[in-house]
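Asker: Next up, start.cif (mmCIF, C-alpha atoms and all ligand atoms; chains and numbers go by the auth columns).
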data_run
loop_
_atom_site.group_PDB
_atom_site.id
_atom_site.type_symbol
_atom_site.label_atom_id
_atom_site.label_comp_id
_atom_site.label_asym_id
_atom_site.label_seq_id
_atom_site.Cartn_x
_atom_site.Cartn_y
_atom_site.Cartn_z
_atom_site.B_iso_or_equiv
_atom_site.auth_seq_id
_atom_site.auth_asym_id
ATOM 1 C CA MET A 1 -115.739 -20.419 17.166 0.00 1 A
ATOM 2 C CA ASP A 2 -118.701 -19.252 15.069 0.00 2 A
ATOM 3 C CA GLY A 3 -120.559 -16.297 16.513 0.00 3 A
ATOM 4 C CA SER A 4 -118.365 -15.954 19.594 0.00 4 A
ATOM 5 C CA LEU A 5 -117.378 -12.425 20.658 0.00 5 A
ATOM 6 C CA ILE A 6 -113.999 -13.793 21.767 0.00 6 A
ATOM 7 C CA ASP A 7 -111.922 -16.381 19.962 0.00 7 A
ATOM 8 C CA ASP A 8 -109.983 -17.972 22.813 0.00 8 A
ATOM 9 C CA SER A 9 -109.446 -21.317 21.050 0.00 9 A
ATOM 10 C CA THR A 10 -110.955 -23.289 23.931 0.00 10 A
ATOM 11 C CA GLY A 11 -114.288 -23.857 22.212 0.00 11 A
ATOM 12 C CA LEU A 12 -116.215 -21.675 24.672 0.00 12 A
ATOM 13 C CA ARG A 13 -118.784 -19.298 23.196 0.00 13 A
ATOM 14 C CA TYR A 14 -118.979 -15.680 24.436 0.00 14 A
ATOM 15 C CA VAL A 15 -122.249 -14.002 23.482 0.00 15 A
ATOM 16 C CA HIS A 16 -124.448 -11.039 24.314 0.00 16 A
ATOM 17 C CA LEU A 17 -127.078 -11.824 26.910 0.00 17 A
ATOM 18 C CA GLU A 18 -130.377 -13.176 25.574 0.00 18 A
ATOM 19 C CA ILE A 19 -133.679 -13.814 27.317 0.00 19 A
ATOM 20 C CA SER A 20 -133.350 -17.541 26.557 0.00 20 A
ATOM 21 C CA HIS A 21 -130.233 -17.693 28.813 0.00 21 A
ATOM 22 C CA ALA A 22 -132.083 -16.561 31.926 0.00 22 A
ATOM 23 C CA GLU A 23 -132.869 -19.890 33.626 0.00 23 A
ATOM 24 C CA ARG A 24 -129.373 -21.302 33.145 0.00 24 A
ATOM 25 C CA LEU A 25 -127.722 -18.119 34.364 0.00 25 A
ATOM 26 C CA GLN A 26 -129.890 -18.037 37.485 0.00 26 A
ATOM 27 C CA GLU A 27 -128.494 -21.465 38.394 0.00 27 A
ATOM 28 C CA LEU A 28 -124.961 -20.225 37.753 0.00 28 A
ATOM 29 C CA GLU A 29 -125.604 -17.185 39.961 0.00 29 A
ATOM 30 C CA TYR A 30 -126.748 -19.329 42.891 0.00 30 A
ATOM 31 C CA LEU A 31 -123.780 -21.655 42.427 0.00 31 A
ATOM 32 C CA CYS A 32 -121.239 -18.807 42.401 0.00 32 A
ATOM 33 C CA PHE A 33 -122.512 -16.827 45.405 0.00 33 A
ATOM 34 C CA PRO A 34 -123.388 -19.477 48.003 0.00 34 A
ATOM 35 C CA THR A 35 -123.075 -17.196 51.070 0.00 35 A
ATOM 36 C CA ILE A 36 -124.992 -14.206 49.720 0.00 36 A
ATOM 37 C CA ASP A 37 -128.686 -13.816 50.482 0.00 37 A
ATOM 38 C CA ARG A 38 -130.701 -14.689 47.359 0.00 38 A
ATOM 39 C CA SER A 39 -132.656 -11.453 47.627 0.00 39 A
ATOM 40 C CA ASP A 40 -129.395 -9.747 46.595 0.00 40 A
ATOM 41 C CA LEU A 41 -128.841 -12.067 43.650 0.00 41 A
ATOM 42 C CA TYR A 42 -130.217 -11.970 40.132 0.00 42 A
ATOM 43 C CA ASP A 43 -133.022 -14.399 39.347 0.00 43 A
ATOM 44 C CA ALA A 44 -134.171 -15.472 35.887 0.00 44 A
ATOM 45 C CA GLY A 45 -136.698 -12.631 35.652 0.00 45 A
ATOM 46 C CA ASP A 46 -134.032 -9.993 36.419 0.00 46 A
ATOM 47 C CA ILE A 47 -131.666 -11.526 33.874 0.00 47 A
ATOM 48 C CA GLY A 48 -134.357 -11.553 31.191 0.00 48 A
ATOM 49 C CA ARG A 49 -135.072 -7.861 31.815 0.00 49 A
ATOM 50 C CA LEU A 50 -131.349 -7.044 31.550 0.00 50 A
ATOM 51 C CA ALA A 51 -131.191 -8.892 28.233 0.00 51 A
ATOM 52 C CA ARG A 52 -133.996 -6.674 26.961 0.00 52 A
ATOM 53 C CA ALA A 53 -132.652 -3.389 28.374 0.00 53 A
ATOM 54 C CA PHE A 54 -128.900 -3.495 27.699 0.00 54 A
ATOM 55 C CA PRO A 55 -127.763 -6.517 25.663 0.00 55 A
ATOM 56 C CA GLU A 56 -124.687 -4.678 24.312 0.00 56 A
ATOM 57 C CA GLY A 57 -123.242 -4.458 27.842 0.00 57 A
ATOM 58 C CA ASN A 58 -124.152 -7.927 29.108 0.00 58 A
ATOM 59 C CA PHE A 59 -122.352 -11.159 28.318 0.00 59 A
ATOM 60 C CA ALA A 60 -122.728 -14.886 28.833 0.00 60 A
ATOM 61 C CA VAL A 61 -120.278 -17.744 28.264 0.00 61 A
ATOM 62 C CA PHE A 62 -121.295 -21.235 27.166 0.00 62 A
ATOM 63 C CA ASP A 63 -119.591 -24.580 26.899 0.00 63 A
ATOM 64 C CA ALA A 64 -121.961 -26.151 24.361 0.00 64 A
ATOM 65 C CA ASP A 65 -125.347 -25.561 26.097 0.00 65 A
ATOM 66 C CA ARG A 66 -123.937 -25.241 29.590 0.00 66 A
ATOM 67 C CA ALA A 67 -123.732 -21.709 31.023 0.00 67 A
ATOM 68 C CA VAL A 68 -120.282 -21.319 32.610 0.00 68 A
ATOM 69 C CA GLY A 69 -119.849 -17.563 33.008 0.00 69 A
ATOM 70 C CA MET A 70 -121.510 -14.170 32.849 0.00 70 A
ATOM 71 C CA GLY A 71 -120.611 -10.504 33.135 0.00 71 A
ATOM 72 C CA LEU A 72 -123.631 -8.311 33.775 0.00 72 A
ATOM 73 C CA GLY A 73 -123.980 -4.574 34.194 0.00 73 A
ATOM 74 C CA ILE A 74 -126.046 -1.427 33.806 0.00 74 A
ATOM 75 C CA ARG A 75 -125.418 2.211 32.871 0.00 75 A
ATOM 76 C CA VAL A 76 -125.626 4.680 35.765 0.00 76 A
ATOM 77 C CA HIS A 77 -124.741 8.219 36.816 0.00 77 A
ATOM 78 C CA PHE A 78 -122.326 7.415 39.641 0.00 78 A
ATOM 79 C CA ASP A 79 -121.652 10.041 42.319 0.00 79 A
ATOM 80 C CA PHE A 80 -118.001 9.653 43.359 0.00 80 A
ATOM 81 C CA ASP A 81 -118.531 12.162 46.189 0.00 81 A
ATOM 82 C CA HIS A 82 -121.036 9.774 47.774 0.00 82 A
ATOM 83 C CA THR A 83 -119.824 6.262 47.133 0.00 83 A
ATOM 84 C CA GLN A 84 -121.722 4.556 49.942 0.00 84 A
ATOM 85 C CA HIS A 85 -124.530 2.470 48.437 0.00 85 A
ATOM 86 C CA SER A 86 -125.935 -1.026 48.521 0.00 86 A
ATOM 87 C CA LEU A 87 -126.305 -3.362 45.575 0.00 87 A
ATOM 88 C CA SER A 88 -130.066 -3.326 46.027 0.00 88 A
ATOM 89 C CA ASP A 89 -130.066 0.500 45.668 0.00 89 A
ATOM 90 C CA LEU A 90 -129.085 -0.198 42.081 0.00 90 A
ATOM 91 C CA THR A 91 -130.715 -3.499 41.249 0.00 91 A
ATOM 92 C CA GLY A 92 -133.381 -3.995 43.906 0.00 92 A
ATOM 93 C CA SER A 93 -136.444 -2.715 42.073 0.00 93 A
ATOM 94 C CA GLU A 94 -138.556 -4.496 39.505 0.00 94 A
ATOM 95 C CA GLU A 95 -136.658 -2.551 36.839 0.00 95 A
ATOM 96 C CA THR A 96 -133.055 -3.247 35.825 0.00 96 A
ATOM 97 C CA GLY A 97 -131.707 0.119 37.017 0.00 97 A
ATOM 98 C CA ASP A 98 -130.153 0.648 33.585 0.00 98 A
ATOM 99 C CA ASP A 99 -130.143 4.339 32.609 0.00 99 A
ATOM 100 C CA PRO A 100 -129.213 4.727 28.925 0.00 100 A
ATOM 101 C CA THR A 101 -127.959 8.280 29.673 0.00 101 A
ATOM 102 C CA GLY A 102 -125.620 7.071 32.454 0.00 102 A
ATOM 103 C CA ARG A 103 -121.905 7.806 31.982 0.00 103 A
ATOM 104 C CA TRP A 104 -120.614 4.800 33.964 0.00 104 A
ATOM 105 C CA TYR A 105 -120.892 1.068 33.415 0.00 105 A
ATOM 106 C CA TYR A 106 -121.805 -0.412 36.790 0.00 106 A
ATOM 107 C CA GLY A 107 -120.726 -4.054 36.997 0.00 107 A
ATOM 108 C CA THR A 108 -123.517 -5.772 38.876 0.00 108 A
ATOM 109 C CA ASP A 109 -122.292 -9.350 38.485 0.00 109 A
ATOM 110 C CA ILE A 110 -119.343 -11.355 37.243 0.00 110 A
ATOM 111 C CA SER A 111 -119.446 -15.087 37.843 0.00 111 A
ATOM 112 C CA VAL A 112 -117.624 -18.120 36.541 0.00 112 A
ATOM 113 C CA ASP A 113 -118.607 -21.715 37.295 0.00 113 A
ATOM 114 C CA PRO A 114 -116.214 -22.959 40.024 0.00 114 A
ATOM 115 C CA THR A 115 -115.042 -25.848 37.851 0.00 115 A
ATOM 116 C CA TYR A 116 -114.122 -23.432 35.009 0.00 116 A
ATOM 117 C CA ARG A 117 -112.168 -20.879 37.057 0.00 117 A
ATOM 118 C CA ARG A 118 -108.519 -19.846 36.556 0.00 118 A
ATOM 119 C CA ARG A 119 -108.625 -20.335 32.792 0.00 119 A
ATOM 120 C CA GLY A 120 -109.037 -16.672 31.823 0.00 120 A
ATOM 121 C CA ILE A 121 -112.834 -16.610 31.434 0.00 121 A
ATOM 122 C CA GLY A 122 -113.184 -13.794 33.985 0.00 122 A
ATOM 123 C CA GLN A 123 -110.484 -11.807 32.241 0.00 123 A
ATOM 124 C CA ASN A 124 -112.217 -12.289 28.882 0.00 124 A
ATOM 125 C CA LEU A 125 -115.461 -11.039 30.401 0.00 125 A
ATOM 126 C CA TYR A 126 -113.643 -7.913 31.597 0.00 126 A
ATOM 127 C CA GLN A 127 -112.229 -7.459 28.070 0.00 127 A
ATOM 128 C CA LEU A 128 -115.772 -7.559 26.701 0.00 128 A
ATOM 129 C CA ARG A 129 -116.989 -5.055 29.279 0.00 129 A
ATOM 130 C CA LYS A 130 -114.084 -2.719 28.533 0.00 130 A
ATOM 131 C CA ARG A 131 -114.748 -3.032 24.799 0.00 131 A
ATOM 132 C CA ALA A 132 -118.417 -2.144 25.388 0.00 132 A
ATOM 133 C CA VAL A 133 -117.401 0.866 27.512 0.00 133 A
ATOM 134 C CA ARG A 134 -115.024 2.084 24.800 0.00 134 A
ATOM 135 C CA ASP A 135 -117.591 1.524 22.024 0.00 135 A
ATOM 136 C CA LEU A 136 -120.268 3.390 23.979 0.00 136 A
ATOM 137 C CA GLY A 137 -117.850 6.183 24.987 0.00 137 A
ATOM 138 C CA LEU A 138 -118.573 5.729 28.695 0.00 138 A
ATOM 139 C CA ASP A 139 -116.290 7.075 31.456 0.00 139 A
ATOM 140 C CA GLY A 140 -115.374 3.658 32.822 0.00 140 A
ATOM 141 C CA ILE A 141 -116.475 0.778 35.020 0.00 141 A
ATOM 142 C CA VAL A 142 -117.416 1.008 38.671 0.00 142 A
ATOM 143 C CA ALA A 143 -118.681 -1.684 41.029 0.00 143 A
ATOM 144 C CA GLY A 144 -118.907 -2.960 44.522 0.00 144 A
ATOM 145 C CA GLY A 145 -116.561 -5.929 44.614 0.00 145 A
ATOM 146 C CA VAL A 146 -117.098 -8.823 46.982 0.00 146 A
ATOM 147 C CA ILE A 147 -114.116 -9.690 49.178 0.00 147 A
ATOM 148 C CA PRO A 148 -114.589 -13.387 50.026 0.00 148 A
ATOM 149 C CA GLY A 149 -111.144 -13.723 51.640 0.00 149 A
ATOM 150 C CA PHE A 150 -112.066 -11.179 54.329 0.00 150 A
ATOM 151 C CA VAL A 151 -113.822 -13.980 56.214 0.00 151 A
ATOM 152 C CA ASP A 152 -110.424 -15.278 57.344 0.00 152 A
ATOM 153 C CA HIS A 153 -109.185 -11.867 58.522 0.00 153 A
ATOM 154 C CA LYS A 154 -112.241 -10.060 59.836 0.00 154 A
ATOM 155 C CA HIS A 155 -111.475 -10.921 63.442 0.00 155 A
ATOM 156 C CA VAL A 156 -108.082 -9.241 63.305 0.00 156 A
ATOM 157 C CA MET A 157 -108.535 -6.265 60.977 0.00 157 A
ATOM 158 C CA SER A 158 -111.124 -3.917 59.497 0.00 158 A
ATOM 159 C CA ALA A 159 -112.414 -4.319 55.930 0.00 159 A
ATOM 160 C CA GLU A 160 -110.537 -1.141 55.001 0.00 160 A
ATOM 161 C CA GLU A 161 -107.239 -2.537 56.295 0.00 161 A
ATOM 162 C CA TYR A 162 -107.924 -5.823 54.505 0.00 162 A
ATOM 163 C CA VAL A 163 -108.511 -4.090 51.153 0.00 163 A
ATOM 164 C CA GLN A 164 -105.366 -1.972 51.629 0.00 164 A
ATOM 165 C CA LYS A 165 -103.336 -5.122 52.262 0.00 165 A
ATOM 166 C CA VAL A 166 -104.747 -6.832 49.170 0.00 166 A
ATOM 167 C CA VAL A 167 -103.972 -3.715 47.099 0.00 167 A
ATOM 168 C CA ALA A 168 -100.428 -3.697 48.530 0.00 168 A
ATOM 169 C CA GLY A 169 -100.030 -7.360 47.552 0.00 169 A
ATOM 170 C CA GLU A 170 -99.612 -8.471 51.187 0.00 170 A
ATOM 171 C CA LEU A 171 -102.814 -10.550 51.115 0.00 171 A
ATOM 172 C CA TYR A 172 -104.527 -12.448 48.286 0.00 172 A
ATOM 173 C CA ASP A 173 -108.276 -12.270 47.697 0.00 173 A
ATOM 174 C CA ALA A 174 -109.747 -14.585 45.034 0.00 174 A
ATOM 175 C CA THR A 175 -111.977 -11.793 43.722 0.00 175 A
ATOM 176 C CA LEU A 176 -110.286 -8.475 44.539 0.00 176 A
ATOM 177 C CA SER A 177 -106.786 -9.617 43.463 0.00 177 A
ATOM 178 C CA PHE A 178 -108.267 -10.708 40.143 0.00 178 A
ATOM 179 C CA GLN A 179 -109.945 -7.308 39.712 0.00 179 A
ATOM 180 C CA LEU A 180 -106.706 -5.429 40.514 0.00 180 A
ATOM 181 C CA GLU A 181 -104.920 -7.671 38.019 0.00 181 A
ATOM 182 C CA ASN A 182 -107.489 -6.519 35.451 0.00 182 A
ATOM 183 C CA GLY A 183 -106.609 -2.847 35.822 0.00 183 A
ATOM 184 C CA PHE A 184 -109.042 -1.801 38.553 0.00 184 A
ATOM 185 C CA GLU A 185 -108.292 0.541 41.448 0.00 185 A
ATOM 186 C CA ALA A 186 -109.827 -0.092 44.863 0.00 186 A
ATOM 187 C CA PRO A 187 -110.111 3.377 46.421 0.00 187 A
ATOM 188 C CA GLY A 188 -112.232 2.338 49.395 0.00 188 A
ATOM 189 C CA VAL A 189 -114.740 0.040 51.030 0.00 189 A
ATOM 190 C CA ILE A 190 -118.534 -0.054 51.092 0.00 190 A
ATOM 191 C CA GLY A 191 -120.419 -1.112 54.215 0.00 191 A
ATOM 192 C CA ASP A 192 -123.748 -2.960 54.070 0.00 192 A
ATOM 193 C CA TYR A 193 -123.299 -3.531 50.370 0.00 193 A
ATOM 194 C CA ILE A 194 -124.877 -6.986 50.296 0.00 194 A
ATOM 195 C CA THR A 195 -126.348 -9.395 52.792 0.00 195 A
ATOM 196 C CA ASP A 196 -123.336 -11.670 53.251 0.00 196 A
ATOM 197 C CA PRO A 197 -122.731 -12.609 56.886 0.00 197 A
ATOM 198 C CA ALA A 198 -119.447 -14.321 55.979 0.00 198 A
ATOM 199 C CA VAL A 199 -117.854 -10.911 55.362 0.00 199 A
ATOM 200 C CA ASP A 200 -120.166 -8.838 57.587 0.00 200 A
ATOM 201 C CA ASN A 201 -121.695 -7.308 54.423 0.00 201 A
ATOM 202 C CA TRP A 202 -118.507 -5.479 53.381 0.00 202 A
ATOM 203 C CA ALA A 203 -117.371 -4.932 49.801 0.00 203 A
ATOM 204 C CA SER A 204 -114.649 -2.945 48.082 0.00 204 A
ATOM 205 C CA LEU A 205 -115.307 -0.057 45.715 0.00 205 A
ATOM 206 C CA ILE A 206 -113.580 -0.827 42.430 0.00 206 A
ATOM 207 C CA VAL A 207 -113.058 1.553 39.509 0.00 207 A
ATOM 208 C CA TRP A 208 -111.589 1.345 35.997 0.00 208 A
ATOM 209 C CA HIS A 209 -111.225 4.527 33.914 0.00 209 A
ATOM 210 C CA ASN A 210 -111.714 4.403 30.157 0.00 210 A
ATOM 211 C CA PRO A 211 -108.241 5.358 28.875 0.00 211 A
ATOM 212 C CA GLY A 212 -109.809 6.499 25.599 0.00 212 A
ATOM 213 C CA LEU A 213 -111.299 9.503 27.406 0.00 213 A
ATOM 214 C CA ASP A 214 -108.054 10.658 29.085 0.00 214 A
ATOM 215 C CA ALA A 215 -106.882 12.805 26.172 0.00 215 A
HETATM 216 C C1 LIG B . -113.884 -13.668 40.330 0.00 301 A
HETATM 217 C C2 LIG B . -114.136 -14.679 39.226 0.00 301 A
HETATM 218 C C3 LIG B . -115.243 -14.120 38.306 0.00 301 A
HETATM 219 C C4 LIG B . -112.861 -14.865 38.396 0.00 301 A
HETATM 220 O O1 LIG B . -113.149 -15.722 37.300 0.00 301 A
HETATM 221 P P1 LIG B . -112.007 -16.608 36.592 0.00 301 A
HETATM 222 O O2 LIG B . -112.577 -17.087 35.296 0.00 301 A
HETATM 223 O O3 LIG B . -111.448 -17.604 37.503 0.00 301 A
HETATM 224 O O4 LIG B . -110.922 -15.468 36.275 0.00 301 A
HETATM 225 P P2 LIG B . -109.542 -15.633 35.492 0.00 301 A
HETATM 226 O O5 LIG B . -109.314 -17.061 35.144 0.00 301 A
HETATM 227 O O6 LIG B . -109.515 -14.639 34.370 0.00 301 A
HETATM 228 O O7 LIG B . -108.524 -15.126 36.597 0.00 301 A
HETATM 229 C C5 LIG B . -108.474 -15.700 37.895 0.00 301 A
HETATM 230 C C6 LIG B . -107.035 -16.013 38.277 0.00 301 A
HETATM 231 O O8 LIG B . -106.592 -17.126 37.500 0.00 301 A
HETATM 232 C C7 LIG B . -105.375 -16.786 36.875 0.00 301 A
HETATM 233 N N1 LIG B . -105.358 -17.501 35.587 0.00 301 A
HETATM 234 C C8 LIG B . -106.009 -17.144 34.455 0.00 301 A
HETATM 235 N N2 LIG B . -105.760 -18.062 33.483 0.00 301 A
HETATM 236 C C9 LIG B . -104.970 -19.008 34.059 0.00 301 A
HETATM 237 C C10 LIG B . -104.383 -20.203 33.578 0.00 301 A
HETATM 238 N N3 LIG B . -104.587 -20.608 32.325 0.00 301 A
HETATM 239 N N4 LIG B . -103.634 -20.910 34.439 0.00 301 A
HETATM 240 C C11 LIG B . -103.441 -20.517 35.708 0.00 301 A
HETATM 241 N N5 LIG B . -103.991 -19.377 36.224 0.00 301 A
HETATM 242 C C12 LIG B . -104.724 -18.640 35.399 0.00 301 A
HETATM 243 C C13 LIG B . -105.423 -15.284 36.682 0.00 301 A
HETATM 244 O O9 LIG B . -104.132 -14.714 36.541 0.00 301 A
HETATM 245 C C14 LIG B . -106.075 -14.868 37.979 0.00 301 A
HETATM 246 O O10 LIG B . -105.106 -14.840 39.011 0.00 301 A
HETATM 247 P P3 LIG B . -105.157 -13.731 40.181 0.00 301 A
HETATM 248 O O11 LIG B . -106.379 -14.077 41.011 0.00 301 A
HETATM 249 O O12 LIG B . -103.892 -13.947 40.890 0.00 301 A
HETATM 250 O O13 LIG B . -105.294 -12.392 39.513 0.00 301 A
HETATM 251 C C15 LIG B . -114.532 -16.067 39.792 0.00 301 A
HETATM 252 O O14 LIG B . -113.558 -16.461 40.741 0.00 301 A
HETATM 253 C C16 LIG B . -115.890 -16.097 40.445 0.00 301 A
HETATM 254 O O15 LIG B . -116.906 -16.331 39.779 0.00 301 A
HETATM 255 N N6 LIG B . -115.937 -15.913 41.783 0.00 301 A
HETATM 256 C C17 LIG B . -117.185 -15.982 42.549 0.00 301 A
HETATM 257 C C18 LIG B . -118.076 -14.849 42.211 0.00 301 A
HETATM 258 C C19 LIG B . -117.428 -13.505 42.494 0.00 301 A
HETATM 259 O O16 LIG B . -116.804 -13.295 43.508 0.00 301 A
HETATM 260 N N7 LIG B . -117.621 -12.563 41.553 0.00 301 A
HETATM 261 C C20 LIG B . -117.132 -11.209 41.684 0.00 301 A
HETATM 262 C C21 LIG B . -118.229 -10.351 42.221 0.00 301 A
HETATM 263 S S1 LIG B . -117.654 -8.727 42.586 0.00 301 A
#
What does the file become when written as structure tokens?

Answerer:
Amino acid sequence: MDGSLIDDSTGLRYVHLEISHAERLQELEYLCFPTIDRSDLYDAGDIGRLARAFPEGNFAVFDADRAVGMGLGIRVHFDFDHTQHSLSDLTGSEETGDDPTGRWYYGTDISVDPTYRRRGIGQNLYQLRKRAVRDLGLDGIVAGGVIPGFVDHKHVMSAEEYVQKVVAGELYDATLSFQLENGFEAPGVIGDYITDPAVDNWASLIVWHNPGLDA
């Protein structure tokens, strides 16, 4: 399709984030994260600022005029010796948190409209992020990953045990399993990452290394 960053033959259009997308993507954000406190979510103003600061690393997906997916992120200097952080440490100010000198792409948001899931849109968004990381010569992608399936296990195991079981393939998590499938490692958990009572605010730490820098 004309002007799409990915030709997936489904007629969807993958584009760099633009300020004009902000209102529609705010609605998508609220639809995709129903249990997370809205203070932890992007609103239209945040999305517009991201479009201005780092369009080459931010992506939106449209079916005609309808926003059906987005993959958002910022550049940061990530300290792997101190991985404990909250999402609002990175995105909570009036600024985007994007540091053009940062060596890591921090994935702040990946969302697909529930009625468009399991068609490869999420995977395509990860392809676009990885392409951006390669093109910019960054070290890789890091993020706090939500673990929605933990809600059904939190009374019988810790978040750390849950993540280990998902990594081992013993449990399935709609988000973390998808991220592992897309080449991410999950080396640990992050407490108080977001305000999400369903999972007692836990998230997984997820990391993808740019293979182009391994040599
Ligand atoms: C996580 C999320 C972005 C994935 O988006 P998606 O577009 O459904 O992702 P994909 O279609 O690429 O992959 C999802 C699954 O569908 C499978 N799939 C992909 N195309 C498929 C097809 N044509 N037929 C059947 N299954 C398919 C994938 O293999 C994957 O399976 P897995 O979970 O076993 O790995 C989406 O579920 C979402 O928005 N969740 C809520 C928000 C969220 O949790 N975001 C992450 C924040 S850290």

Asker: Write out as a ChimeraX atom specification each polymer residue whose atoms come within 12 Å of Gly149 in chain A, counting all atoms listed in the file; drop sequence neighbours fewer than 4 positions from it.

Answerer: /A:145,153-154,159,162-163,165-166,171-177,198-200,202-204

Asker: If the PyMOL selection byres (((chain A and resi 74) around 9) and not hetatm) were run on this exact file, what residues would it hold? Put them as a list in words.

Answerer: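 Evaluating the PyMOL selection byres (((chain A and resi 74) around 9) and not hetatm) on these coordinates yields Leu50, Ala53, Phe54, Gly57, Asn58, Leu72, Gly73, Arg75, Val76, Leu90, Thr96, Gly97, Asp98, Asp99, Pro100, Gly102, Trp104, Tyr105, Tyr106, Gly107 and Thr108 of chain A.
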
Asker: Can you pull out every residue with an atom within 6 Å of ligand LIG 301 (chain A)? Use only C-alpha atoms and all ligand atoms and format it as an mmCIF file with C-alpha atoms, keeping the file's coordinate frame.

Answerer:
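Result file out-v3.cif:
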data_model
loop_
_atom_site.group_PDB
_atom_site.id
_atom_site.type_symbol
_atom_site.label_atom_id
_atom_site.label_comp_id
_atom_site.auth_asym_id
_atom_site.auth_seq_id
_atom_site.Cartn_x
_atom_site.Cartn_y
_atom_site.Cartn_z
ATOM 1 C CA CYS A 32 -121.239 -18.807 42.401
ATOM 2 C CA PHE A 33 -122.512 -16.827 45.405
ATOM 3 C CA ASP A 109 -122.292 -9.350 38.485
ATOM 4 C CA ILE A 110 -119.343 -11.355 37.243
ATOM 5 C CA SER A 111 -119.446 -15.087 37.843
ATOM 6 C CA VAL A 112 -117.624 -18.120 36.541
ATOM 7 C CA ARG A 117 -112.168 -20.879 37.057
ATOM 8 C CA ARG A 118 -108.519 -19.846 36.556
ATOM 9 C CA ARG A 119 -108.625 -20.335 32.792
ATOM 10 C CA GLY A 120 -109.037 -16.672 31.823
ATOM 11 C CA ILE A 121 -112.834 -16.610 31.434
ATOM 12 C CA GLY A 122 -113.184 -13.794 33.985
ATOM 13 C CA GLN A 123 -110.484 -11.807 32.241
ATOM 14 C CA GLY A 145 -116.561 -5.929 44.614
ATOM 15 C CA VAL A 146 -117.098 -8.823 46.982
ATOM 16 C CA ALA A 174 -109.747 -14.585 45.034
ATOM 17 C CA THR A 175 -111.977 -11.793 43.722
ATOM 18 C CA SER A 177 -106.786 -9.617 43.463
ATOM 19 C CA PHE A 178 -108.267 -10.708 40.143
ATOM 20 C CA GLU A 181 -104.920 -7.671 38.019
#

Asker: Quick one: apply the PyMOL selection byres (((chain A and resi 10-26) around 7) and not hetatm) to the file and drop the selected residues here as a list in words.

Answerer: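 Given this file, the PyMOL selection byres (((chain A and resi 10-26) around 7) and not hetatm) evaluates to Met1, Ser4, Leu5, Ile6, Asp8, Ser9, Glu27, Leu28, Glu29, Tyr30, Tyr42, Asp43, Ala44, Ile47, Gly48, Ala51, Pro55, Glu56, Asn58, Phe59, Ala60, Val61, Phe62, Asp63 and Ala67 of chain A.
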
Asker: From the set A:Leu136, A:Asp81, A:Ile141, A:Asp46, which residue has the shortest atom-to-atom contact distance to Glu95 in chain A, counting all atoms listed in the file?

Answerer: A:Asp46

Asker: Quick check, in Å to one decimal: how far apart do CA of Tyr116 in chain A and CA of Val207 in chain A lie?

Answerer: 25.4 Å

Asker: Can you measure CA of Glu94 in chain A to CA of Ser39 in chain A for me? One decimal in Å is fine.

Answerer: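 These two atoms are separated by 12.2 Å.
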
Asker: Just the number, please: distance in Å from CA of Gly71 in chain A to CA of His85 in chain A, one decimal.

Answerer: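 Rounded to one decimal, the two atoms are 20.4 Å apart.
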
Asker: Taking the block above, write range 185-195 of chain A with N, CA and C atoms as a PDB file, in the first residue's frame.

Answerer:
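What follows is the written file decode17.pdb:
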ATOM      1  N   GLU A 185      14.444 -11.204  25.691  1.00  0.00           N
ATOM      2  CA  GLU A 185      14.733 -11.950  26.917  1.00  0.00           C
ATOM      3  C   GLU A 185      13.974 -11.270  28.045  1.00  0.00           C
ATOM      4  N   ALA A 186      13.668 -12.035  29.083  1.00  0.00           N
ATOM      5  CA  ALA A 186      12.991 -11.453  30.254  1.00  0.00           C
ATOM      6  C   ALA A 186      13.843 -11.771  31.482  1.00  0.00           C
ATOM      7  N   PRO A 187      14.891 -10.977  31.717  1.00  0.00           N
ATOM      8  CA  PRO A 187      15.838 -11.311  32.787  1.00  0.00           C
ATOM      9  C   PRO A 187      15.348 -11.015  34.204  1.00  0.00           C
ATOM     10  N   GLY A 188      14.174 -10.431  34.365  1.00  0.00           N
ATOM     11  CA  GLY A 188      13.733 -10.167  35.734  1.00  0.00           C
ATOM     12  C   GLY A 188      12.374  -9.499  35.777  1.00  0.00           C
ATOM     13  N   VAL A 189      12.003  -9.077  36.984  1.00  0.00           N
ATOM     14  CA  VAL A 189      10.721  -8.396  37.161  1.00  0.00           C
ATOM     15  C   VAL A 189      10.957  -6.996  37.722  1.00  0.00           C
ATOM     16  N   ILE A 190       9.950  -6.150  37.573  1.00  0.00           N
ATOM     17  CA  ILE A 190      10.020  -4.781  38.083  1.00  0.00           C
ATOM     18  C   ILE A 190       8.775  -4.554  38.945  1.00  0.00           C
ATOM     19  N   GLY A 191       9.006  -4.197  40.202  1.00  0.00           N
ATOM     20  CA  GLY A 191       7.894  -3.905  41.106  1.00  0.00           C
ATOM     21  C   GLY A 191       7.457  -2.456  40.967  1.00  0.00           C
ATOM     22  N   ASP A 192       6.182  -2.192  41.262  1.00  0.00           N
ATOM     23  CA  ASP A 192       5.650  -0.828  41.210  1.00  0.00           C
ATOM     24  C   ASP A 192       5.944  -0.125  39.898  1.00  0.00           C
ATOM     25  N   TYR A 193       5.830  -0.861  38.829  1.00  0.00           N
ATOM     26  CA  TYR A 193       6.151  -0.306  37.510  1.00  0.00           C
ATOM     27  C   TYR A 193       5.050   0.615  37.003  1.00  0.00           C
ATOM     28  N   ILE A 194       3.795   0.174  37.231  1.00  0.00           N
ATOM     29  CA  ILE A 194       2.634   0.938  36.793  1.00  0.00           C
ATOM     30  C   ILE A 194       1.540   0.762  37.838  1.00  0.00           C
ATOM     31  N   THR A 195       0.565   1.648  37.821  1.00  0.00           N
ATOM     32  CA  THR A 195      -0.547   1.473  38.741  1.00  0.00           C
ATOM     33  C   THR A 195      -1.579   0.569  38.090  1.00  0.00           C
TER      34      THR A 195
END
